[in-house]
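Peer 1: One file is attached below, input.pdb, containing PDB, C-alpha atoms, pLDDT in the B column.
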ATOM      1  CA  MET A 236       0.000   0.000   0.000  1.00 91.00           C
ATOM      2  CA  ASN A 237       1.609   3.262  -1.128  1.00 93.00           C
ATOM      3  CA  ALA A 238       1.002   6.851  -0.019  1.00 93.00           C
ATOM      4  CA  LEU A 239      -1.500   7.460  -2.817  1.00 93.00           C
ATOM      5  CA  THR A 240      -3.615   4.548  -1.587  1.00 95.00           C
ATOM      6  CA  LEU A 241      -3.478   5.905   1.971  1.00 96.00           C
ATOM      7  CA  LYS A 242      -4.642   9.305   0.724  1.00 96.00           C
ATOM      8  CA  ILE A 243      -7.544   7.761  -1.174  1.00 96.00           C
ATOM      9  CA  ILE A 244      -8.653   5.786   1.901  1.00 97.00           C
ATOM     10  CA  ALA A 245      -8.431   8.937   4.008  1.00 97.00           C
ATOM     11  CA  ILE A 246     -10.438  11.166   1.660  1.00 97.00           C
ATOM     12  CA  VAL A 247     -13.103   8.521   1.016  1.00 97.00           C
ATOM     13  CA  THR A 248     -13.682   7.872   4.718  1.00 98.00           C
ATOM     14  CA  MET A 249     -13.585  11.625   5.423  1.00 97.00           C
ATOM     15  CA  THR A 250     -16.213  12.242   2.737  1.00 97.00           C
ATOM     16  CA  ILE A 251     -18.477   9.539   4.184  1.00 97.00           C
ATOM     17  CA  ASP A 252     -18.084  11.136   7.608  1.00 97.00           C
ATOM     18  CA  HIS A 253     -18.912  14.636   6.388  1.00 97.00           C
ATOM     19  CA  ALA A 254     -21.803  13.409   4.254  1.00 96.00           C
ATOM     20  CA  GLY A 255     -23.245  11.751   7.329  1.00 96.00           C
ATOM     21  CA  ALA A 256     -22.739  14.849   9.465  1.00 95.00           C
ATOM     22  CA  VAL A 257     -24.350  17.161   6.894  1.00 94.00           C
ATOM     23  CA  LEU A 258     -26.995  15.044   5.196  1.00 93.00           C
ATOM     24  CA  LEU A 259     -28.012  12.412   7.748  1.00 93.00           C
ATOM     25  CA  SER A 260     -28.053  14.319  11.040  1.00 89.00           C
ATOM     26  CA  HIS A 261     -31.867  14.358  10.891  1.00 86.00           C
ATOM     27  CA  TYR A 262     -31.713  10.629  11.670  1.00 89.00           C
ATOM     28  CA  ILE A 263     -30.584  11.413  15.226  1.00 90.00           C
ATOM     29  CA  GLY A 264     -33.362  10.390  17.592  1.00 87.00           C
ATOM     30  CA  THR A 265     -35.048   8.159  15.027  1.00 90.00           C
ATOM     31  CA  GLU A 266     -35.006   4.427  14.385  1.00 89.00           C
ATOM     32  CA  TYR A 267     -32.502   5.060  11.560  1.00 90.00           C
ATOM     33  CA  VAL A 268     -29.878   6.668  13.787  1.00 94.00           C
ATOM     34  CA  GLY A 269     -27.631   3.640  13.187  1.00 94.00           C
ATOM     35  CA  ILE A 270     -27.092   4.742   9.578  1.00 95.00           C
ATOM     36  CA  TYR A 271     -25.918   8.149  10.758  1.00 96.00           C
ATOM     37  CA  LEU A 272     -23.651   6.642  13.416  1.00 96.00           C
ATOM     38  CA  LEU A 273     -22.105   4.221  10.910  1.00 97.00           C
ATOM     39  CA  THR A 274     -21.030   7.090   8.650  1.00 97.00           C
ATOM     40  CA  ARG A 275     -19.449   8.895  11.607  1.00 97.00           C
ATOM     41  CA  TRP A 276     -17.656   5.748  12.792  1.00 97.00           C
ATOM     42  CA  ILE A 277     -16.246   5.149   9.313  1.00 98.00           C
ATOM     43  CA  GLY A 278     -15.004   8.727   9.399  1.00 97.00           C
ATOM     44  CA  ARG A 279     -12.799   7.934  12.404  1.00 97.00           C
ATOM     45  CA  ILE A 280     -10.423   6.180   9.985  1.00 98.00           C
ATOM     46  CA  ALA A 281      -9.506   9.406   8.191  1.00 98.00           C
ATOM     47  CA  PHE A 282      -7.767  11.645  10.723  1.00 97.00           C
ATOM     48  CA  PRO A 283      -5.081   9.193  11.916  1.00 97.00           C
ATOM     49  CA  ILE A 284      -4.094   8.525   8.295  1.00 97.00           C
ATOM     50  CA  PHE A 285      -3.969  12.245   7.521  1.00 97.00           C
ATOM     51  CA  ALA A 286      -1.903  12.786  10.671  1.00 97.00           C
ATOM     52  CA  TYR A 287       0.566  10.097   9.642  1.00 96.00           C
ATOM     53  CA  LEU A 288       0.841  11.466   6.097  1.00 95.00           C
ATOM     54  CA  ILE A 289       1.468  14.991   7.396  1.00 96.00           C
ATOM     55  CA  ALA A 290       4.242  13.692   9.663  1.00 95.00           C
ATOM     56  CA  GLN A 291       5.733  11.838   6.713  1.00 93.00           C
ATOM     57  CA  GLY A 292       5.409  14.970   4.620  1.00 93.00           C
ATOM     58  CA  CYS A 293       7.539  16.831   7.154  1.00 94.00           C
ATOM     59  CA  VAL A 294      10.200  14.140   6.775  1.00 91.00           C
ATOM     60  CA  HIS A 295      10.307  14.237   2.989  1.00 89.00           C
ATOM     61  CA  THR A 296       9.411  17.812   2.000  1.00 92.00           C
ATOM     62  CA  ARG A 297      12.131  19.909   0.425  1.00 91.00           C
ATOM     63  CA  SER A 298      10.858  23.113   2.027  1.00 95.00           C
ATOM     64  CA  MET A 299       9.026  23.280   5.329  1.00 97.00           C
ATOM     65  CA  PRO A 300       8.059  26.967   4.828  1.00 96.00           C
ATOM     66  CA  LYS A 301       6.414  26.148   1.477  1.00 96.00           C
ATOM     67  CA  TYR A 302       4.701  23.130   3.034  1.00 96.00           C
ATOM     68  CA  MET A 303       3.340  25.317   5.829  1.00 97.00           C
ATOM     69  CA  MET A 304       2.233  27.975   3.343  1.00 96.00           C
ATOM     70  CA  ARG A 305       0.219  25.454   1.293  1.00 95.00           C
ATOM     71  CA  LEU A 306      -1.526  24.141   4.396  1.00 97.00           C
ATOM     72  CA  GLY A 307      -2.170  27.633   5.740  1.00 97.00           C
ATOM     73  CA  ILE A 308      -3.676  28.893   2.490  1.00 97.00           C
ATOM     74  CA  LEU A 309      -5.857  25.798   2.203  1.00 96.00           C
ATOM     75  CA  ALA A 310      -7.038  26.252   5.806  1.00 97.00           C
ATOM     76  CA  ILE A 311      -8.218  29.794   5.109  1.00 97.00           C
ATOM     77  CA  VAL A 312      -9.768  28.961   1.722  1.00 96.00           C
ATOM     78  CA  SER A 313     -11.602  25.957   3.163  1.00 96.00           C
ATOM     79  CA  GLU A 314     -13.054  27.724   6.187  1.00 96.00           C
ATOM     80  CA  PHE A 315     -15.948  29.307   4.293  1.00 95.00           C
ATOM     81  CA  PHE A 316     -17.054  25.935   2.912  1.00 95.00           C
ATOM     82  CA  PHE A 317     -16.411  24.186   6.250  1.00 96.00           C
ATOM     83  CA  ASP A 318     -18.559  26.624   8.194  1.00 94.00           C
ATOM     84  CA  MET A 319     -21.351  26.748   5.631  1.00 93.00           C
ATOM     85  CA  ALA A 320     -21.510  22.963   5.269  1.00 92.00           C
ATOM     86  CA  LEU A 321     -20.913  21.741   8.804  1.00 88.00           C
ATOM     87  CA  THR A 322     -21.787  24.381  11.399  1.00 78.00           C
ATOM     88  CA  GLY A 323     -25.396  24.633  10.262  1.00 69.00           C
ATOM     89  CA  ASN A 324     -25.879  28.256  11.342  1.00 70.00           C
ATOM     90  CA  GLY A 325     -25.088  29.961   8.031  1.00 74.00           C
ATOM     91  CA  THR A 326     -22.248  32.065   9.409  1.00 86.00           C
ATOM     92  CA  VAL A 327     -18.511  32.035   8.702  1.00 92.00           C
ATOM     93  CA  ASN A 328     -15.945  32.575  11.447  1.00 93.00           C
ATOM     94  CA  PHE A 329     -12.261  32.254  10.636  1.00 95.00           C
ATOM     95  CA  LEU A 330     -11.316  32.387  14.328  1.00 94.00           C
ATOM     96  CA  ALA A 331     -13.591  29.762  15.900  1.00 94.00           C
ATOM     97  CA  GLN A 332     -14.719  26.190  15.154  1.00 93.00           C
ATOM     98  CA  THR A 333     -12.118  25.988  12.413  1.00 96.00           C
ATOM     99  CA  ASN A 334     -11.361  23.206   9.967  1.00 96.00           C
ATOM    100  CA  ILE A 335      -8.809  20.392  10.129  1.00 97.00           C
ATOM    101  CA  PHE A 336      -6.258  22.219   7.984  1.00 97.00           C
ATOM    102  CA  TYR A 337      -5.781  24.747  10.764  1.00 98.00           C
ATOM    103  CA  THR A 338      -4.766  21.798  12.940  1.00 98.00           C
ATOM    104  CA  LEU A 339      -2.464  20.371  10.286  1.00 98.00           C
ATOM    105  CA  PHE A 340      -0.858  23.772   9.687  1.00 98.00           C
ATOM    106  CA  LEU A 341      -0.219  24.360  13.396  1.00 98.00           C
ATOM    107  CA  ALA A 342       1.232  20.865  13.776  1.00 98.00           C
ATOM    108  CA  VAL A 343       3.667  21.491  10.926  1.00 98.00           C
ATOM    109  CA  VAL A 344       4.669  24.813  12.506  1.00 98.00           C
ATOM    110  CA  ALA A 345       5.455  22.958  15.735  1.00 98.00           C
ATOM    111  CA  ILE A 346       7.481  20.336  13.865  1.00 97.00           C
ATOM    112  CA  TRP A 347       9.388  23.060  11.976  1.00 97.00           C
ATOM    113  CA  LEU A 348      10.293  24.772  15.261  1.00 97.00           C
ATOM    114  CA  TYR A 349      11.376  21.402  16.644  1.00 97.00           C
ATOM    115  CA  GLN A 350      13.612  20.934  13.613  1.00 95.00           C
ATOM    116  CA  LEU A 351      15.120  24.402  14.160  1.00 96.00           C
ATOM    117  CA  SER A 352      15.970  23.374  17.723  1.00 95.00           C
ATOM    118  CA  ASN A 353      18.052  20.528  16.250  1.00 93.00           C
ATOM    119  CA  LYS A 354      15.571  18.194  17.937  1.00 90.00           C
ATOM    120  CA  LYS A 355      16.872  18.897  21.415  1.00 91.00           C
ATOM    121  CA  TRP A 356      14.841  17.654  24.347  1.00 90.00           C
ATOM    122  CA  TRP A 357      13.560  21.179  25.004  1.00 94.00           C
ATOM    123  CA  GLY A 358      12.329  21.283  21.408  1.00 93.00           C
ATOM    124  CA  TRP A 359       9.326  19.312  22.581  1.00 95.00           C
ATOM    125  CA  LEU A 360       8.199  22.417  24.472  1.00 96.00           C
ATOM    126  CA  LEU A 361       7.878  24.248  21.160  1.00 96.00           C
ATOM    127  CA  VAL A 362       4.672  22.349  20.438  1.00 97.00           C
ATOM    128  CA  LEU A 363       2.929  24.229  23.243  1.00 98.00           C
ATOM    129  CA  PRO A 364       2.318  27.524  21.349  1.00 97.00           C
ATOM    130  CA  SER A 365       0.702  25.640  18.463  1.00 98.00           C
ATOM    131  CA  MET A 366      -1.462  23.699  20.906  1.00 98.00           C
ATOM    132  CA  ALA A 367      -2.525  26.934  22.577  1.00 98.00           C
ATOM    133  CA  VAL A 368      -3.475  28.526  19.259  1.00 98.00           C
ATOM    134  CA  ALA A 369      -5.405  25.387  18.263  1.00 98.00           C
ATOM    135  CA  SER A 370      -7.376  25.660  21.490  1.00 98.00           C
ATOM    136  CA  LEU A 371      -8.074  29.353  20.965  1.00 98.00           C
ATOM    137  CA  LEU A 372      -9.252  28.758  17.397  1.00 97.00           C
ATOM    138  CA  THR A 373     -11.141  25.602  18.420  1.00 96.00           C
ATOM    139  CA  THR A 374      -9.683  23.748  15.471  1.00 97.00           C
ATOM    140  CA  ASP A 375     -10.887  20.307  14.429  1.00 95.00           C
ATOM    141  CA  TYR A 376      -9.271  17.891  16.932  1.00 97.00           C
ATOM    142  CA  GLY A 377      -7.814  20.921  18.721  1.00 97.00           C
ATOM    143  CA  ALA A 378      -4.664  20.848  20.812  1.00 98.00           C
ATOM    144  CA  PHE A 379      -4.809  17.061  20.931  1.00 98.00           C
ATOM    145  CA  GLY A 380      -4.611  16.886  17.135  1.00 98.00           C
ATOM    146  CA  VAL A 381      -1.543  19.128  17.044  1.00 98.00           C
ATOM    147  CA  LEU A 382       0.232  17.123  19.742  1.00 97.00           C
ATOM    148  CA  PHE A 383      -0.760  13.845  18.091  1.00 97.00           C
ATOM    149  CA  ILE A 384       0.845  14.764  14.766  1.00 97.00           C
ATOM    150  CA  PHE A 385       3.921  16.165  16.528  1.00 97.00           C
ATOM    151  CA  VAL A 386       4.425  12.941  18.483  1.00 96.00           C
ATOM    152  CA  ILE A 387       4.006  10.812  15.349  1.00 95.00           C
ATOM    153  CA  TYR A 388       6.805  12.826  13.765  1.00 95.00           C
ATOM    154  CA  ALA A 389       9.081  12.974  16.802  1.00 93.00           C
ATOM    155  CA  ILE A 390       8.753   9.325  17.829  1.00 88.00           C
ATOM    156  CA  GLY A 391       7.509   7.319  14.909  1.00 66.00           C
ATOM    157  CA  LYS A 392       8.875   8.969  11.781  1.00 60.00           C
ATOM    158  CA  ASN A 393      11.509   6.313  11.103  1.00 64.00           C
ATOM    159  CA  THR A 394       9.550   3.117  11.698  1.00 80.00           C
ATOM    160  CA  LYS A 395       6.049   2.032  10.848  1.00 85.00           C
ATOM    161  CA  LEU A 396       5.849   0.058  14.086  1.00 87.00           C
ATOM    162  CA  TRP A 397       6.403   3.090  16.312  1.00 89.00           C
ATOM    163  CA  SER A 398       4.009   5.130  14.196  1.00 91.00           C
ATOM    164  CA  ALA A 399       1.397   2.411  14.602  1.00 93.00           C
ATOM    165  CA  VAL A 400       1.930   2.378  18.364  1.00 93.00           C
ATOM    166  CA  VAL A 401       1.457   6.154  18.554  1.00 94.00           C
ATOM    167  CA  LEU A 402      -1.640   5.979  16.329  1.00 95.00           C
ATOM    168  CA  ALA A 403      -3.218   3.209  18.385  1.00 96.00           C
ATOM    169  CA  ALA A 404      -2.486   4.904  21.707  1.00 96.00           C
ATOM    170  CA  GLY A 405      -3.767   8.242  20.465  1.00 96.00           C
ATOM    171  CA  MET A 406      -7.024   6.800  19.179  1.00 97.00           C
ATOM    172  CA  MET A 407      -7.663   4.885  22.402  1.00 96.00           C
ATOM    173  CA  ILE A 408      -7.141   8.084  24.388  1.00 96.00           C
ATOM    174  CA  LEU A 409      -9.223  10.237  22.043  1.00 96.00           C
ATOM    175  CA  TYR A 410     -12.248   7.974  21.773  1.00 95.00           C
ATOM    176  CA  PHE A 411     -12.318   6.276  25.173  1.00 93.00           C
ATOM    177  CA  PRO A 412     -14.787   4.875  26.140  1.00 91.00           C
ATOM    178  CA  MET A 413     -16.542   4.871  22.723  1.00 95.00           C
ATOM    179  CA  LEU A 414     -15.836   1.310  21.589  1.00 95.00           C
ATOM    180  CA  GLU A 415     -17.203   1.550  18.048  1.00 95.00           C
ATOM    181  CA  ALA A 416     -15.326   4.749  17.239  1.00 96.00           C
ATOM    182  CA  THR A 417     -12.118   3.284  18.660  1.00 97.00           C
ATOM    183  CA  LEU A 418     -12.419   0.076  16.646  1.00 97.00           C
ATOM    184  CA  PHE A 419     -13.000   1.925  13.383  1.00 97.00           C
ATOM    185  CA  ALA A 420     -10.096   4.274  14.146  1.00 97.00           C
ATOM    186  CA  MET A 421      -7.871   1.223  14.588  1.00 97.00           C
ATOM    187  CA  VAL A 422      -8.375   0.419  10.903  1.00 97.00           C
ATOM    188  CA  SER A 423      -6.015   3.320  10.241  1.00 97.00           C
ATOM    189  CA  VAL A 424      -3.309   1.505  12.214  1.00 96.00           C
ATOM    190  CA  LEU A 425      -3.615  -1.508   9.911  1.00 96.00           C
ATOM    191  CA  CYS A 426      -3.382   0.788   6.897  1.00 96.00           C
ATOM    192  CA  VAL A 427      -0.168   2.353   8.191  1.00 95.00           C
ATOM    193  CA  LEU A 428       1.320  -1.081   8.896  1.00 94.00           C
ATOM    194  CA  ALA A 429       0.519  -2.033   5.289  1.00 95.00           C
ATOM    195  CA  TYR A 430       2.249   1.095   3.943  1.00 94.00           C
ATOM    196  CA  ASN A 431       5.261   0.234   1.776  1.00 90.00           C
ATOM    197  CA  GLY A 432       7.018   3.585   2.101  1.00 86.00           C
ATOM    198  CA  LYS A 433       6.512   4.475  -1.571  1.00 88.00           C
ATOM    199  CA  SER A 434       4.649   7.514  -2.848  1.00 85.00           C
ATOM    200  CA  GLY A 435       2.918   5.823  -5.760  1.00 83.00           C
ATOM    201  CA  PRO A 436       2.022   7.741  -8.958  1.00 85.00           C
ATOM    202  CA  LYS A 437       3.067  11.352  -8.542  1.00 79.00           C
ATOM    203  CA  ASN A 438       2.202  14.356 -10.662  1.00 81.00           C
ATOM    204  CA  PRO A 439       0.943  17.933 -10.113  1.00 81.00           C
ATOM    205  CA  VAL A 440      -2.652  17.001 -10.935  1.00 83.00           C
ATOM    206  CA  LEU A 441      -2.755  14.375  -8.188  1.00 83.00           C
ATOM    207  CA  GLN A 442      -0.805  16.506  -5.721  1.00 81.00           C
ATOM    208  CA  TYR A 443      -2.964  19.605  -5.998  1.00 84.00           C
ATOM    209  CA  GLY A 444      -6.088  17.583  -6.659  1.00 90.00           C
ATOM    210  CA  PHE A 445      -5.899  16.139  -3.157  1.00 91.00           C
ATOM    211  CA  TYR A 446      -5.499  19.636  -1.714  1.00 91.00           C
ATOM    212  CA  ALA A 447      -8.447  20.927  -3.746  1.00 94.00           C
ATOM    213  CA  PHE A 448     -10.682  18.005  -2.818  1.00 96.00           C
ATOM    214  CA  TYR A 449     -11.193  19.196   0.753  1.00 96.00           C
ATOM    215  CA  PRO A 450     -12.902  22.529  -0.006  1.00 96.00           C
ATOM    216  CA  ALA A 451     -14.507  21.040  -3.127  1.00 96.00           C
ATOM    217  CA  HIS A 452     -16.334  18.254  -1.312  1.00 96.00           C
ATOM    218  CA  LEU A 453     -17.454  20.663   1.422  1.00 96.00           C
ATOM    219  CA  GLY A 454     -18.704  23.030  -1.278  1.00 95.00           C
ATOM    220  CA  ALA A 455     -20.671  20.193  -2.850  1.00 96.00           C
ATOM    221  CA  LEU A 456     -22.279  19.312   0.494  1.00 94.00           C
ATOM    222  CA  MET A 457     -23.047  22.998   1.044  1.00 91.00           C
ATOM    223  CA  LEU A 458     -24.822  23.191  -2.319  1.00 91.00           C
ATOM    224  CA  ILE A 459     -26.785  20.006  -1.630  1.00 91.00           C
ATOM    225  CA  THR A 460     -28.055  21.355   1.693  1.00 83.00           C
TER     226      THR A 460
END
Would you mind writing the file out in structure tokens?
Peer 2:
Amino acid sequence: MNALTLKIIAIVTMTIDHAGAVLLSHYIGTEYVGIYLLTRWIGRIAFPIFAYLIAQGCVHTRSMPKYMMRLGILAIVSEFFFDMALTGNGTVNFLAQTNIFYTLFLAVVAIWLYQLSNKKWWGWLLVLPSMAVASLLTTDYGAFGVLFIFVIYAIGKNTKLWSAVVLAAGMMILYFPMLEATLFAMVSVLCVLAYNGKSGPKNPVLQYGFYAFYPAHLGALMLIT
């Protein structure tokens, strides 16, 4: 399983999750609530894979500042669609209840600062400002998400086994005591263990297509609603 396959799994499960959140929330409190819950449980697979891929991206990117810039721009561009599709109140706020790319951007900032510290032990403290900002902006997965990605990079970047351990531990902490959510999230651990370390087919269309998919699918859900 290459990186392209991981990305496809992540975006498919994310789309199912968001479709459930936007289009099936009216099932809550009805006899069909199980359909809604299933879509949300499937969605638990996405974030750990995205977190792992972001950590790997920090290992392999040629320019951390450019990597951060792409994530930051996408976070801002996506916020309108995120708020309109998922908040349900018809308002847009770039400083509260923000999308997952805010979290990814802040995690990469923390990793970049850690790299600048030459990965000294005190470099771990440099994740704290990003965690604080994530809390203030109430990003998707918040301070936990930032720390989670940082730890994947700092501990598990060189071996799939350590990455899998961090992923499994993080998901058990995040979703305890929700058994179904935890079990679905563990699928991501199996995906990472199956990763062969190769990028797969690589071209600008695929690269920027994956970036564009996030706001595009939210825009589609917004139009449907």
Peer 1: List the spatial neighbours of region 293-296 of chain A as a ChimeraX atom specification - criterion: any atom at most 8 Å away, only C-alpha atoms, same-chain residues fewer than 5 positions off excluded.
Peer 2: /A:302,343,346,388,392
Peer 1: Determine, counting only C-alpha atoms, which protein, DNA and RNA residues have an atom within 8 Å of an atom of Tyr262 (chain A); residues of the same chain fewer than 6 positions away are not included. Present the result as a list of chain:residue names.
Peer 2: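 Residues meeting the cut-off are A:Val268, A:Ile270, A:Tyr271.
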Peer 1: What is the distance between CA of Leu414 (chain A) and CA of Tyr376 (chain A), in Å to one decimal?
Peer 2: 18.4 Å
Peer 1: Given the point (-9.9, 10.2, 21.3) in the file's coordinates, find the residues that have an atom at most 10 Å from it, counting only C-alpha atoms, and give them as a PyMOL selection string.
Peer 2: chain A and resi 279+376+379-380+404-413+416-417+420
Peer 1: Take CA of Leu288 (chain A) and CA of Ala256 (chain A) and report the distance between them in Å, one decimal.
Peer 2: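 According to the coordinates, CA of Leu288 (chain A) and CA of Ala256 (chain A) are separated by 24.1 Å.
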Peer 1: Do you know which residues are at most 9 Å from Leu306 (chain A) counting all atoms listed in the file, after dropping those on the same chain fewer than 6 positions away, and could you put them as a list in words?
Peer 2: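 Once the adjacent positions are removed, what remains is Phe336, Tyr337, Leu339, Phe340, Val343 and Tyr446 of chain A.
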Peer 1: Give the centre and edge lengths of an axis-aligned box, in Å to one decimal, that holds all listed atoms of region 375-394 of chain A with 5 Å on each side, as JSON.
Peer 2:
{"center_x": 0.3, "center_y": 12.0, "center_z": 16.0, "size_x": 32.4, "size_y": 27.8, "size_z": 19.8}
Peer 1: What gap, in Å, lies between CA of Ile263 (chain A) and CA of Leu456 (chain A)?
Peer 2: 18.7 Å
Peer 1: Evaluate the PyMOL selection byres ((chain A and resi 248-251) around 9) and record the selected residues as a list of chain:residue names, following the chain and residue labels used in the document.
Peer 2: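 Going through the file, the PyMOL selection byres ((chain A and resi 248-251) around 9) ends up selecting A:Ile243, A:Ile244, A:Ala245, A:Ile246, A:Val247, A:Asp252, A:His253, A:Ala254, A:Gly255, A:Ala256, A:Thr274, A:Arg275, A:Ile277, A:Gly278, A:Arg279, A:Ile280, A:Ala281, A:Phe282, A:Tyr449, A:His452, A:Leu453.
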Peer 1: If you count all atoms listed in the file, which residues fall within 12 Å of Thr322 (chain A), apart from same-chain ones fewer than 3 positions away, as a VMD selection string?
Peer 2: chain A and resid 253 256 to 257 260 314 to 319 325 to 328 331 to 334 453 457 460
Peer 1: With the PyMOL selection byres ((chain A and resi 432-436) around 12) as the selection, what would be picked from this file? Answer as an MDAnalysis selection string, please.
Peer 2: chainID A and resid 236:243 287:288 291:292 294:295 392:395 426:431 437:442
Peer 1: With distances taken over only C-alpha atoms, which residue among A:Leu372, A:Val312, A:Ala367, A:Leu348 lies nearest Leu330 (chain A)?
Peer 2: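 Residue with the minimum atom-to-atom distance to Leu330 (chain A): A:Leu372.
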Peer 1: Which one is closest to Val424 (chain A): A:Ala447, A:Ala399, A:Ala378, A:Leu363? Count all atoms listed in the file.
Peer 2: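 When distances to Val424 (chain A) are compared using all atoms listed in the file, the smallest one comes from A:Ala399.
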Peer 1: Just say which residues the PyMOL selection byres ((chain A and resi 345) around 12) picks in this file, as JSON, numbers by chain.
Peer 2: {"A": [290, 293, 299, 300, 303, 338, 339, 340, 341, 342, 343, 344, 346, 347, 348, 349, 350, 351, 352, 354, 358, 359, 360, 361, 362, 363, 364, 365, 366, 367, 368, 369, 378, 380, 381, 382, 383, 384, 385, 386, 388, 389]}
Peer 1: Nearest to Ala320 (chain A) among A:Ala403, A:Ile289, A:Leu272, A:Leu258, with distances taken over only C-alpha atoms: which residue is it?
Peer 2: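 Smallest distance to Ala320 (chain A) is found for A:Leu258.
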Peer 1: Generate the coordinates of N, CA, C and O atoms for region 429-443 of chain A; report them as a CSV table (one decimal), in the frame of the given file.
Peer 2:
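The resulting rebuild-v9.csv:
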chain,number,residue,atom,x,y,z
A,429,ALA,N,0.5,-1.5,6.7
A,429,ALA,CA,0.5,-2.0,5.3
A,429,ALA,C,1.2,-1.1,4.3
A,429,ALA,O,1.5,-1.5,3.2
A,430,TYR,N,1.6,0.1,4.8
A,430,TYR,CA,2.2,1.1,3.9
A,430,TYR,C,3.6,0.6,3.6
A,430,TYR,O,4.4,0.2,4.4
A,431,ASN,N,4.0,0.7,2.3
A,431,ASN,CA,5.3,0.2,1.8
A,431,ASN,C,6.3,1.3,1.7
A,431,ASN,O,7.4,1.0,1.2
A,432,GLY,N,6.0,2.5,2.1
A,432,GLY,CA,7.0,3.6,2.1
A,432,GLY,C,7.2,4.3,0.8
A,432,GLY,O,8.0,5.2,0.6
A,433,LYS,N,6.4,3.9,-0.2
A,433,LYS,CA,6.5,4.5,-1.6
A,433,LYS,C,5.4,5.5,-1.8
A,433,LYS,O,4.3,5.3,-1.2
A,434,SER,N,5.6,6.5,-2.6
A,434,SER,CA,4.6,7.5,-2.8
A,434,SER,C,3.6,7.1,-3.8
A,434,SER,O,2.4,7.6,-3.8
A,435,GLY,N,3.9,6.2,-4.7
A,435,GLY,CA,2.9,5.8,-5.8
A,435,GLY,C,3.0,6.8,-6.9
A,435,GLY,O,3.9,7.7,-6.9
A,436,PRO,N,2.0,6.8,-7.8
A,436,PRO,CA,2.0,7.7,-9.0
A,436,PRO,C,2.0,9.2,-8.4
A,436,PRO,O,1.3,9.5,-7.5
A,437,LYS,N,2.9,10.0,-9.1
A,437,LYS,CA,3.1,11.4,-8.5
A,437,LYS,C,3.1,12.3,-9.7
A,437,LYS,O,4.0,12.2,-10.6
A,438,ASN,N,2.2,13.3,-9.7
A,438,ASN,CA,2.2,14.4,-10.7
A,438,ASN,C,1.4,15.5,-10.1
A,438,ASN,O,0.7,15.4,-9.1
A,439,PRO,N,1.6,16.7,-10.7
A,439,PRO,CA,0.9,17.9,-10.1
A,439,PRO,C,-0.6,17.8,-10.0
A,439,PRO,O,-1.2,18.4,-9.1
A,440,VAL,N,-1.2,17.1,-11.0
A,440,VAL,CA,-2.7,17.0,-10.9
A,440,VAL,C,-3.1,16.3,-9.7
A,440,VAL,O,-4.0,16.7,-9.0
A,441,LEU,N,-2.4,15.1,-9.4
A,441,LEU,CA,-2.8,14.4,-8.2
A,441,LEU,C,-2.4,15.2,-6.9
A,441,LEU,O,-3.2,15.2,-6.0
A,442,GLN,N,-1.2,15.8,-6.9
A,442,GLN,CA,-0.8,16.5,-5.7
A,442,GLN,C,-1.8,17.6,-5.3
A,442,GLN,O,-2.3,17.7,-4.2
A,443,TYR,N,-2.1,18.5,-6.3
A,443,TYR,CA,-3.0,19.6,-6.0
A,443,TYR,C,-4.4,19.2,-6.0
A,443,TYR,O,-5.3,19.9,-5.4
